[in-house]
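The next block is data.cif, given as mmCIF, C-alpha atoms.
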data_data
#
loop_
_atom_site.group_PDB
_atom_site.id
_atom_site.type_symbol
_atom_site.label_atom_id
_atom_site.label_comp_id
_atom_site.auth_asym_id
_atom_site.auth_seq_id
_atom_site.Cartn_x
_atom_site.Cartn_y
_atom_site.Cartn_z
ATOM 1 C CA MET P 456 0.000 0.000 0.000
ATOM 2 C CA ASN P 457 1.488 3.287 -1.040
ATOM 3 C CA LYS P 458 1.957 6.126 1.421
ATOM 4 C CA ILE P 459 -0.918 8.261 0.100
ATOM 5 C CA PHE P 460 -3.520 5.477 0.320
ATOM 6 C CA SER P 461 -2.158 4.426 3.722
ATOM 7 C CA TRP P 462 -2.605 7.981 5.045
ATOM 8 C CA PHE P 463 -6.127 8.015 3.585
ATOM 9 C CA CYS P 464 -6.928 4.835 5.518
ATOM 10 C CA LYS P 465 -5.505 6.291 8.728
ATOM 11 C CA ILE P 466 -7.417 9.561 8.486
ATOM 12 C CA PHE P 467 -10.767 8.362 7.138
ATOM 13 C CA LEU P 468 -11.096 4.595 7.709
ATOM 14 C CA LYS P 469 -9.229 3.882 10.954
ATOM 15 C CA PRO P 470 -11.578 6.038 13.082
ATOM 16 C CA ILE P 471 -14.581 4.166 11.644
ATOM 17 C CA VAL P 472 -13.012 0.760 12.317
ATOM 18 C CA ASN P 473 -12.116 1.890 15.833
ATOM 19 C CA LEU P 474 -15.643 3.179 16.521
ATOM 20 C CA ILE P 475 -17.568 0.192 15.187
ATOM 21 C CA TRP P 476 -15.359 -2.886 15.659
ATOM 22 C CA ILE P 477 -12.272 -2.417 17.845
ATOM 23 C CA LYS P 478 -12.803 -3.050 21.558
ATOM 24 C CA GLU P 479 -9.208 -3.349 22.731
ATOM 25 C CA VAL P 480 -5.672 -3.171 21.356
ATOM 26 C CA ARG P 481 -2.782 -4.220 23.576
ATOM 27 C CA GLY P 482 0.934 -3.822 22.959
ATOM 28 C CA LEU P 483 1.012 -0.888 20.532
ATOM 29 C CA GLU P 484 4.271 0.131 22.204
ATOM 30 C CA ASN P 485 5.823 -3.034 20.733
ATOM 31 C CA VAL P 486 5.389 -1.861 17.117
ATOM 32 C CA PRO P 487 8.884 -0.852 15.919
ATOM 33 C CA LYS P 488 9.694 2.184 13.817
ATOM 34 C CA THR P 489 11.700 -0.014 11.439
ATOM 35 C CA ASN P 490 9.926 -2.429 9.100
ATOM 36 C CA PHE P 491 8.841 -5.906 10.138
ATOM 37 C CA ILE P 492 6.902 -9.012 9.121
ATOM 38 C CA LEU P 493 3.552 -8.916 10.927
ATOM 39 C CA ALA P 494 2.693 -12.551 11.680
ATOM 40 C CA SER P 495 -0.964 -12.988 12.628
ATOM 41 C CA ASN P 496 -3.495 -15.720 13.174
ATOM 42 C CA HIS P 497 -6.041 -15.865 10.355
ATOM 43 C CA GLN P 498 -9.705 -15.952 11.403
ATOM 44 C CA SER P 499 -11.382 -14.194 8.482
ATOM 45 C CA HIS P 500 -11.018 -11.689 5.636
ATOM 46 C CA TRP P 501 -11.566 -8.986 8.274
ATOM 47 C CA ASP P 502 -8.051 -9.703 9.584
ATOM 48 C CA GLN P 503 -6.831 -7.603 6.671
ATOM 49 C CA VAL P 504 -8.640 -4.596 8.125
ATOM 50 C CA THR P 505 -7.598 -5.069 11.740
ATOM 51 C CA ASN P 506 -3.941 -5.737 10.920
ATOM 52 C CA ALA P 507 -3.881 -2.690 8.645
ATOM 53 C CA TYR P 508 -5.163 -0.767 11.685
ATOM 54 C CA ILE P 509 -1.730 -1.379 13.247
ATOM 55 C CA CYS P 510 0.276 -0.444 10.151
ATOM 56 C CA VAL P 511 -1.261 2.775 8.798
ATOM 57 C CA PRO P 512 -0.012 5.330 7.752
ATOM 58 C CA ARG P 513 3.160 3.417 6.837
ATOM 59 C CA ARG P 514 3.864 1.505 3.613
ATOM 60 C CA PHE P 515 2.713 -2.102 3.951
ATOM 61 C CA THR P 516 1.465 -4.971 1.851
ATOM 62 C CA TYR P 517 -0.219 -8.381 1.999
ATOM 63 C CA LEU P 518 -0.163 -11.648 0.141
ATOM 64 C CA GLY P 519 -3.531 -12.172 -1.555
ATOM 65 C CA GLN P 520 -4.917 -15.337 -3.124
ATOM 66 C CA ILE P 521 -5.995 -15.319 -6.767
ATOM 67 C CA ASP P 522 -7.270 -18.910 -6.942
ATOM 68 C CA LYS P 523 -10.845 -18.073 -5.890
ATOM 69 C CA TYR P 524 -13.725 -15.866 -7.011
ATOM 70 C CA THR P 525 -15.124 -15.124 -10.453
ATOM 71 C CA GLY P 526 -17.227 -12.434 -12.084
ATOM 72 C CA PHE P 527 -17.960 -9.258 -10.132
ATOM 73 C CA GLU P 528 -16.300 -10.575 -6.960
ATOM 74 C CA ARG P 529 -13.108 -11.154 -8.906
ATOM 75 C CA PHE P 530 -13.300 -7.621 -10.332
ATOM 76 C CA LEU P 531 -13.672 -6.119 -6.842
ATOM 77 C CA ARG P 532 -10.821 -8.255 -5.526
ATOM 78 C CA ASP P 533 -8.489 -7.200 -8.340
ATOM 79 C CA LEU P 534 -9.429 -3.537 -7.865
ATOM 80 C CA LEU P 535 -8.708 -3.726 -4.143
ATOM 81 C CA TYR P 536 -5.428 -5.552 -4.759
ATOM 82 C CA THR P 537 -4.339 -2.825 -7.174
ATOM 83 C CA LEU P 538 -5.229 0.008 -4.789
ATOM 84 C CA ALA P 539 -3.571 -1.680 -1.823
ATOM 85 C CA GLY P 540 -0.520 -3.009 -3.676
ATOM 86 C CA VAL P 541 -1.308 -6.597 -2.679
ATOM 87 C CA ILE P 542 1.105 -9.337 -3.828
ATOM 88 C CA PRO P 543 -0.963 -11.931 -5.754
ATOM 89 C CA ILE P 544 -0.454 -15.633 -5.134
ATOM 90 C CA HIS P 545 -2.090 -18.740 -6.619
ATOM 91 C CA ARG P 546 -1.819 -21.242 -3.798
ATOM 92 C CA GLN P 547 -2.006 -24.296 -6.067
ATOM 93 C CA ASP P 548 0.708 -23.051 -8.422
ATOM 94 C CA SER P 549 4.309 -23.562 -7.285
ATOM 95 C CA GLY P 550 5.593 -21.002 -9.789
ATOM 96 C CA SER P 551 3.164 -18.377 -8.504
ATOM 97 C CA LYS P 552 4.139 -19.115 -4.908
ATOM 98 C CA GLN P 553 7.838 -18.735 -5.695
ATOM 99 C CA LYS P 554 7.239 -15.477 -7.554
ATOM 100 C CA ALA P 555 5.158 -14.127 -4.673
ATOM 101 C CA MET P 556 7.840 -14.984 -2.114
ATOM 102 C CA GLU P 557 10.477 -13.216 -4.207
ATOM 103 C CA GLU P 558 8.243 -10.141 -4.378
ATOM 104 C CA CYS P 559 7.763 -10.291 -0.603
ATOM 105 C CA LYS P 560 11.533 -10.208 -0.102
ATOM 106 C CA LYS P 561 11.865 -7.325 -2.558
ATOM 107 C CA ARG P 562 9.233 -5.272 -0.706
ATOM 108 C CA LEU P 563 10.836 -6.030 2.658
ATOM 109 C CA LYS P 564 14.229 -4.902 1.381
ATOM 110 C CA LYS P 565 12.581 -1.639 0.303
ATOM 111 C CA GLY P 566 11.530 -1.082 3.905
ATOM 112 C CA GLU P 567 7.862 -2.017 3.617
ATOM 113 C CA ILE P 568 5.893 -3.906 6.265
ATOM 114 C CA LEU P 569 4.559 -7.310 5.213
ATOM 115 C CA ILE P 570 1.368 -8.699 6.770
ATOM 116 C CA PHE P 571 1.682 -12.481 6.702
ATOM 117 C CA TYR P 572 -0.544 -15.348 7.856
ATOM 118 C CA PRO P 573 1.639 -18.361 8.725
ATOM 119 C CA GLU P 574 -1.369 -20.722 8.752
ATOM 120 C CA GLY P 575 -1.800 -20.049 5.023
ATOM 121 C CA THR P 576 -5.604 -20.076 5.133
ATOM 122 C CA ARG P 577 -8.493 -18.865 7.249
ATOM 123 C CA SER P 578 -9.590 -20.847 10.296
ATOM 124 C CA LYS P 579 -12.764 -22.878 9.831
ATOM 125 C CA ASP P 580 -13.572 -22.903 13.567
ATOM 126 C CA GLY P 581 -11.855 -19.812 14.977
ATOM 127 C CA LYS P 582 -9.002 -21.834 16.484
ATOM 128 C CA ILE P 583 -5.355 -21.308 15.566
ATOM 129 C CA GLY P 584 -3.930 -23.966 13.243
ATOM 130 C CA GLU P 585 -0.384 -25.043 12.477
ATOM 131 C CA GLY P 586 1.980 -22.642 10.776
ATOM 132 C CA LYS P 587 3.686 -23.298 7.448
ATOM 133 C CA LEU P 588 7.359 -22.651 6.781
ATOM 134 C CA GLY P 589 7.000 -19.562 4.580
ATOM 135 C CA ILE P 590 7.267 -17.151 7.516
ATOM 136 C CA ALA P 591 10.582 -18.678 8.601
ATOM 137 C CA LYS P 592 12.026 -18.692 5.081
ATOM 138 C CA LEU P 593 11.159 -15.018 4.620
ATOM 139 C CA HIS P 594 12.830 -14.147 7.911
ATOM 140 C CA LEU P 595 15.963 -16.161 7.167
ATOM 141 C CA GLU P 596 16.358 -14.723 3.667
ATOM 142 C CA SER P 597 15.438 -11.091 4.411
ATOM 143 C CA GLY P 598 16.726 -10.628 7.953
ATOM 144 C CA VAL P 599 13.582 -8.629 8.784
ATOM 145 C CA PRO P 600 12.253 -9.351 12.312
ATOM 146 C CA ILE P 601 8.815 -10.814 13.007
ATOM 147 C CA LEU P 602 6.092 -9.051 15.000
ATOM 148 C CA PRO P 603 3.574 -11.588 16.384
ATOM 149 C CA VAL P 604 -0.047 -10.399 16.556
ATOM 150 C CA ALA P 605 -3.187 -12.159 17.789
ATOM 151 C CA ASN P 606 -6.665 -11.182 16.591
ATOM 152 C CA LYS P 607 -9.788 -12.277 18.471
ATOM 153 C CA GLY P 608 -13.346 -11.588 17.333
ATOM 154 C CA ASN P 609 -12.809 -11.499 13.583
ATOM 155 C CA PHE P 610 -14.179 -15.024 13.231
ATOM 156 C CA GLU P 611 -17.483 -13.866 14.710
ATOM 157 C CA ILE P 612 -17.437 -10.660 12.655
ATOM 158 C CA MET P 613 -16.881 -12.332 9.290
ATOM 159 C CA PRO P 614 -16.536 -16.139 9.352
ATOM 160 C CA VAL P 615 -15.642 -18.195 6.279
ATOM 161 C CA GLY P 616 -18.539 -18.182 3.813
ATOM 162 C CA THR P 617 -19.864 -14.702 4.625
ATOM 163 C CA ARG P 618 -19.502 -11.677 2.345
ATOM 164 C CA PHE P 619 -20.047 -8.780 4.721
ATOM 165 C CA PRO P 620 -18.885 -8.043 8.276
ATOM 166 C CA LYS P 621 -21.250 -7.870 11.237
ATOM 167 C CA PHE P 622 -21.369 -4.635 13.196
ATOM 168 C CA LYS P 623 -20.124 -5.691 16.615
ATOM 169 C CA LYS P 624 -17.570 -3.950 18.806
ATOM 170 C CA ILE P 625 -15.880 -7.153 19.940
ATOM 171 C CA ILE P 626 -12.462 -7.260 18.263
ATOM 172 C CA ARG P 627 -9.470 -7.525 20.564
ATOM 173 C CA MET P 628 -5.853 -7.440 19.393
ATOM 174 C CA ASN P 629 -2.664 -8.299 21.225
ATOM 175 C CA ILE P 630 0.716 -7.260 19.805
ATOM 176 C CA GLY P 631 3.736 -9.142 21.091
ATOM 177 C CA LYS P 632 7.394 -8.252 21.263
ATOM 178 C CA LEU P 633 9.563 -8.350 18.161
ATOM 179 C CA LEU P 634 11.138 -11.736 17.352
ATOM 180 C CA ASP P 635 14.593 -11.829 15.763
ATOM 181 C CA PHE P 636 16.154 -15.253 15.215
ATOM 182 C CA SER P 637 19.702 -14.024 14.579
ATOM 183 C CA ALA P 638 21.403 -17.229 15.739
ATOM 184 C CA GLU P 639 19.245 -19.307 13.406
ATOM 185 C CA ARG P 640 19.934 -16.927 10.507
ATOM 186 C CA GLU P 641 23.670 -17.182 11.035
ATOM 187 C CA LYS P 642 23.496 -20.964 11.120
ATOM 188 C CA ALA P 643 21.287 -21.137 8.034
ATOM 189 C CA GLN P 644 23.645 -18.999 5.936
ATOM 190 C CA ASN P 645 25.973 -21.949 5.398
ATOM 191 C CA LEU P 646 23.252 -24.473 4.637
ATOM 192 C CA SER P 647 21.581 -25.514 1.417
ATOM 193 C CA LYS P 648 17.951 -24.388 1.311
ATOM 194 C CA THR P 649 17.004 -27.909 0.269
ATOM 195 C CA SER P 650 18.797 -29.602 3.171
ATOM 196 C CA GLN P 651 17.046 -31.294 6.081
ATOM 197 C CA GLU P 652 18.943 -29.127 8.535
ATOM 198 C CA TYR P 653 17.716 -25.905 6.882
ATOM 199 C CA ASN P 654 14.184 -27.276 6.903
ATOM 200 C CA LYS P 655 14.551 -28.120 10.601
ATOM 201 C CA ILE P 656 15.584 -24.545 11.400
ATOM 202 C CA CYS P 657 12.543 -23.258 9.491
ATOM 203 C CA GLN P 658 10.316 -25.622 11.427
ATOM 204 C CA GLN P 659 11.741 -24.484 14.767
ATOM 205 C CA ILE P 660 11.256 -20.799 13.910
ATOM 206 C CA THR P 661 7.714 -21.411 12.704
ATOM 207 C CA GLU P 662 6.799 -23.305 15.864
ATOM 208 C CA LYS P 663 8.172 -20.505 18.051
ATOM 209 C CA VAL P 664 6.249 -17.854 16.111
ATOM 210 C CA MET P 665 2.994 -19.823 16.304
ATOM 211 C CA ALA P 666 3.516 -20.507 20.006
ATOM 212 C CA GLU P 667 3.889 -16.767 20.598
ATOM 213 C CA ILE P 668 0.738 -15.974 18.609
ATOM 214 C CA LYS P 669 -1.200 -18.609 20.574
ATOM 215 C CA LYS P 670 0.077 -17.183 23.857
ATOM 216 C CA LEU P 671 -1.021 -13.686 22.845
ATOM 217 C CA PHE P 672 -4.406 -15.058 21.748
ATOM 218 C CA ASP P 673 -4.953 -16.848 25.075
ATOM 219 C CA GLN P 674 -4.206 -13.613 26.951
ATOM 220 C CA LEU P 675 -7.183 -11.880 25.308
#
Would you kindly transcribe this structure into structure tokens?
Amino acid sequence: MNKIFSWFCKIFLKPIVNLIWIKEVRGLENVPKTNFILASNHQSHWDQVTNAYICVPRRFTYLGQIDKYTGFERFLRDLLYTLAGVIPIHRQDSGSKQKAMEECKKRLKKGEILIFYPEGTRSKDGKIGEGKLGIAKLHLESGVPILPVANKGNFEIMPVGTRFPKFKKIIRMNIGKLLDFSAEREKAQNLSKTSQEYNKICQQITEKVMAEIKKLFDQL
């Protein structure tokens, strides 16, 4: 999301989101002035709004799926992606996934914030699922630290299968402390990205990130 649109969201949209949906936000003091990878649990499409609430008016972006929706819904999705500078990804296409990850690294190196959902898909029951290794690979290859964030209430606001959010002031957010796996990055530098040892490091980082998100979620 470019700076102008991000400022627009802060001035005109953030107050509305705060008035109608946000009940509590903890840990805002943990948001760094440098860029970061925002790692959040994924309850619904409304997570995009609440996580943006943390990031505006700075430059930030998301990964957005392009393997669903047709017709007018697809048109609206593509329009929103263009306005917000979303990185498109087809989750069933390995080439698309690789291209999207490269674009993520490019944006991070430019100093942008990346909002990332380690689970890879929305929760079907509101509970936090297992994380995939993409978050760890991005951290190892970019060196950008990870900011864990837990959202609670978005599942009730806009569960899977619904098109519009409910108007309830129930959303709580908990922002954790920045995670920087410098020792793991140093170790991974000398390893092949296809090796079992590199994969093990990615798994360990992912588990630690998800454990932190779950801890933040349980505190709400």
Best match for closeness to Gly566 in chain P among P:Val599, P:Ile583, P:Ile544, P:Val486, counting all atoms listed in the file: P:Val599
Selection result of the PyMOL selection byres ((chain P and resi 495) around 7) on this file, as an MDAnalysis selection string: chainID P and resid 493:494 496:497 571:572 603:605 668
Residue nearest Ile612 in chain P - candidates P:His594, P:Lys642, P:Arg481, P:His500, atoms counted: only C-alpha atoms: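 Closest candidate: P:His500.
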Ground truth for the PyMOL selection byres ((chain P and resi 515-521) around 9), written as a ChimeraX atom specification: /P:456-458,461,490,503,507,510-514,522-524,529,532-533,536,539-546,555-556,559,562,566-572
Closest of P:Gly575, P:Pro470, P:Pro600, P:Gly584 to Lys632 in chain P - atom-to-atom distances counting all atoms listed in the file: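 Closest to Lys632 in chain P of all the choices is P:Pro600.
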Separation of CA of Cys464 in chain P from CA of Asn506 in chain P, in Å and rounded to one decimal: 12.2 Å
Å distance separating CA of Arg618 in chain P from CA of Ser499 in chain P, one decimal place: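 These two atoms are separated by 10.5 Å.
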Best match for closeness to Thr649 in chain P among P:Lys669, P:Leu468, P:Lys592, P:Pro573, counting all atoms listed in the file: P:Lys592
Pick from P:Ile590, P:Leu538, P:Ile601, P:Ile459, whichever lies nearest to Ser637 in chain P using all atoms listed in the file: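 Of the candidates, the smallest distance to Ser637 in chain P is held by P:Ile601.
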Padding 4 Å on every side, please: axis-aligned box over the listed atoms of range 623-636 of chain P, centre and edge lengths to one decimal in Å, as lines of an AutoDock Vina configuration file.
center_x = -2.0
center_y = -9.6
center_z = 18.2
size_x = 44.3
size_y = 19.3
size_z = 14.0
Atom pair CA of Ser597 in chain P / CA of Lys488 in chain P: separation (Å):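 One can read the CA of Ser597 in chain P to CA of Lys488 in chain P distance as 17.3 Å.
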Pick from P:Met613, P:Phe672, P:Glu558, P:Glu596, whichever lies nearest to Arg640 in chain P using only C-alpha atoms: P:Glu596
Shell of 12 Å around range 657-659 of chain P, all atoms listed in the file, local chain residues under 2 positions omitted, as number ranges by chain: P: 573, 585-596, 636, 639-640, 642-643, 646, 648-655, 661-666
Extract, using all atoms listed in the file, all DNA, RNA and protein residues at most 6 Å from Ile626 in chain P, discarding same-chain residues fewer than 3 positions from it, and format them as an mmCIF file with C-alpha atoms, in the frame of the given file.
data_model
loop_
_atom_site.group_PDB
_atom_site.id
_atom_site.type_symbol
_atom_site.label_atom_id
_atom_site.label_comp_id
_atom_site.auth_asym_id
_atom_site.auth_seq_id
_atom_site.Cartn_x
_atom_site.Cartn_y
_atom_site.Cartn_z
ATOM 1 C CA TRP P 476 -15.359 -2.886 15.659
ATOM 2 C CA ILE P 477 -12.272 -2.417 17.845
ATOM 3 C CA LYS P 478 -12.803 -3.050 21.558
ATOM 4 C CA LYS P 607 -9.788 -12.277 18.471
ATOM 5 C CA GLY P 608 -13.346 -11.588 17.333
#
Picked residues, the PyMOL selection byres ((chain P and resi 629) around 8), as JSON, numbers by chain: {"P": [480, 481, 482, 604, 605, 606, 627, 628, 630, 631, 671, 672, 674, 675]}
